[in-house]
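For reference, the structure is listed below as structure tokens.
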Amino acid sequence: MAAGLRTVILLSFVLAVGFLLIILSCALWSNWLPLLVALTFVLAPLPNALFSHCGSDEFTSQYEGSGPVDLGRFITSMVVVTGFALPVVLAHSDIIDTRACIMSIAGGGLVYGTILAYTAAFSQDDSEYD
């Protein structure tokens, strides 16, 4: 299934709403620490993208448990958990407001979900020779 212009427009709208929620969670309560959530969710796919090509060749289709690929997935999962846990820890220690925590988590989830949806929609796994 080819991703078209509507997919790009929808993903950009959802990404804009996610960043809007994160920025509003900072601006409404005059505390800019929830902005770190946007940084963690933007950086989260990088280890997975960097390590995804390290352990496989183009001729095998089976997963053999490559160490670098698993390390990339582990680092990605640590960054994603940090992105969800950081606002909770900041709200628990009364550094940010609870409503800012909820807005920051919702916005971060939208940002990371958009990044995942974009990579799934525009992946180059299918070959014209299959």
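Going through the structure tokens in order, the chains are called A, B, and so on, while each chain numbers its residues from 1 and the ligands are numbered from 1 in the order shown.
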Where does stretch 18-82 of chain A meet stretch 117-122 of chain A within 12 Å, residue by residue, with the nearest atom pair and distance in Å to one decimal for each, counting only C-alpha atoms, listed by chain and rising number, as JSON lines?
```
{"residue": "A:Pro45", "atom": "CA", "partner": "A:Thr119", "partner_atom": "CA", "distance": 9.6}
{"residue": "A:Leu46", "atom": "CA", "partner": "A:Thr119", "partner_atom": "CA", "distance": 11.8}
{"residue": "A:Asn48", "atom": "CA", "partner": "A:Thr119", "partner_atom": "CA", "distance": 11.4}
{"residue": "A:Ala49", "atom": "CA", "partner": "A:Thr119", "partner_atom": "CA", "distance": 10.0}
```
Set the distance at 9 Å and use only C-alpha atoms: which residues neighbour A:Pro68 once local chain neighbours fewer than 5 positions away are removed? I'd like the list as number ranges by chain.
A: 51-55, 73
File dump, residues just selected, C-alpha atoms, as a PDB file, in the first residue's frame:
```pdb
ATOM      1  CA  PHE A  51      21.538  -0.159  14.683  1.00  0.00           C
ATOM      2  CA  SER A  52      18.869  -1.716  12.445  1.00  0.00           C
ATOM      3  CA  HIS A  53      21.281  -2.386   9.575  1.00  0.00           C
ATOM      4  CA  CYS A  54      24.200  -3.628  11.655  1.00  0.00           C
ATOM      5  CA  GLY A  55      23.290  -7.237  12.171  1.00  0.00           C
ATOM      6  CA  ARG A  73      15.980  -1.646  20.432  1.00  0.00           C
TER       7      ARG A  73
END
```
Between A:Gly109, A:Pro47, A:Gly4, A:Gly18, which residue has the minimum interatomic distance to A:Phe74, considering only C-alpha atoms?
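When distances to A:Phe74 are compared using only C-alpha atoms, the smallest one comes from A:Pro47.
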Residues of stretch 59-95 of chain A that have any atom at most 9 Å from an atom of stretch 21-38 of chain A: could you tabulate them with the shortest-distance atom pair and the distance in Å to one decimal, using only C-alpha atoms, ordered by chain and increasing number, as a Markdown table?
```
| residue | atom | partner | partner_atom | distance |
| --- | --- | --- | --- | --- |
| A:Thr82 | CA | A:Val37 | CA | 8.3 |
| A:Gly83 | CA | A:Val37 | CA | 5.2 |
| A:Phe84 | CA | A:Val37 | CA | 7.6 |
| A:Leu86 | CA | A:Val37 | CA | 7.3 |
| A:Pro87 | CA | A:Pro34 | CA | 6.4 |
| A:Leu90 | CA | A:Leu33 | CA | 8.4 |
| A:Ile95 | CA | A:Asn31 | CA | 8.3 |
```
How about saving the chosen residues, C-alpha atoms kept, as a PDB file, in the first residue's frame?
```pdb
ATOM      1  CA  THR A  82      12.190   8.016  29.991  1.00  0.00           C
ATOM      2  CA  GLY A  83       9.927  10.221  27.870  1.00  0.00           C
ATOM      3  CA  PHE A  84       6.833   8.883  29.609  1.00  0.00           C
ATOM      4  CA  LEU A  86      10.053  12.089  33.232  1.00  0.00           C
ATOM      5  CA  PRO A  87       6.830  14.142  33.457  1.00  0.00           C
ATOM      6  CA  LEU A  90       8.523  15.919  37.792  1.00  0.00           C
ATOM      7  CA  ILE A  95       8.236  20.676  40.006  1.00  0.00           C
TER       8      ILE A  95
END
```
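Between atom CA of A:Asp70 and atom CA of A:Ala85 there is a distance of 22.1 Å.
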Rounded to one decimal in Å, what is the spacing between atom CA of A:Ile115 and atom CA of A:Val8?
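Here the two named atoms are 11.4 Å from each other.
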Quick one: DSSP helix (DSSP H, G or I) residues in stretch 12-76 of chain A, as a PyMOL selection string?
chain A and resi 12-27+35-43+45-51+67-76
Could you work out how far atom CA of A:Gly108 lies from atom CA of A:Val88, giving the answer in Å with one decimal?
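About the pair atom CA of A:Val88 and atom CA of A:Gly108: they are 12.5 Å apart.
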A:Ala100, A:Val89, A:Leu15, A:Ile75 ranked by distance to A:Tyr112, top pick (using only C-alpha atoms):
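Answer, going by the shortest atom-to-atom distance: A:Leu15.
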Of the candidates A:Val69, A:Leu20, A:Val79, A:Ser12, which shows the shortest atom-to-atom distance to A:Leu43, using only C-alpha atoms?
A:Val79
Tell me which protein, DNA and RNA residues are within 8 Å of A:Val80, counting only C-alpha atoms, leaving out same-chain ones fewer than 4 positions away, and put them as a PyMOL selection string.
chain A and resi 40-41+44+76+84
Residues from last step as file, C-alpha atoms, as a PDB file, in the first residue's frame:
```
ATOM      1  CA  THR A  40      13.387  12.473  24.203  1.00  0.00           C
ATOM      2  CA  PHE A  41      10.634  11.446  21.799  1.00  0.00           C
ATOM      3  CA  ALA A  44      13.965   7.933  20.557  1.00  0.00           C
ATOM      4  CA  THR A  76      15.169   3.044  22.072  1.00  0.00           C
ATOM      5  CA  PHE A  84       6.833   8.883  29.609  1.00  0.00           C
TER       6      PHE A  84
END
```
Shortest interatomic distance to A:Phe19 - which of A:Val42, A:Ile102, A:Leu116, A:Leu5, counting only C-alpha atoms:
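Going through A:Val42, A:Ile102, A:Leu116, A:Leu5 one by one, the smallest distance to A:Phe19 is for A:Val42.
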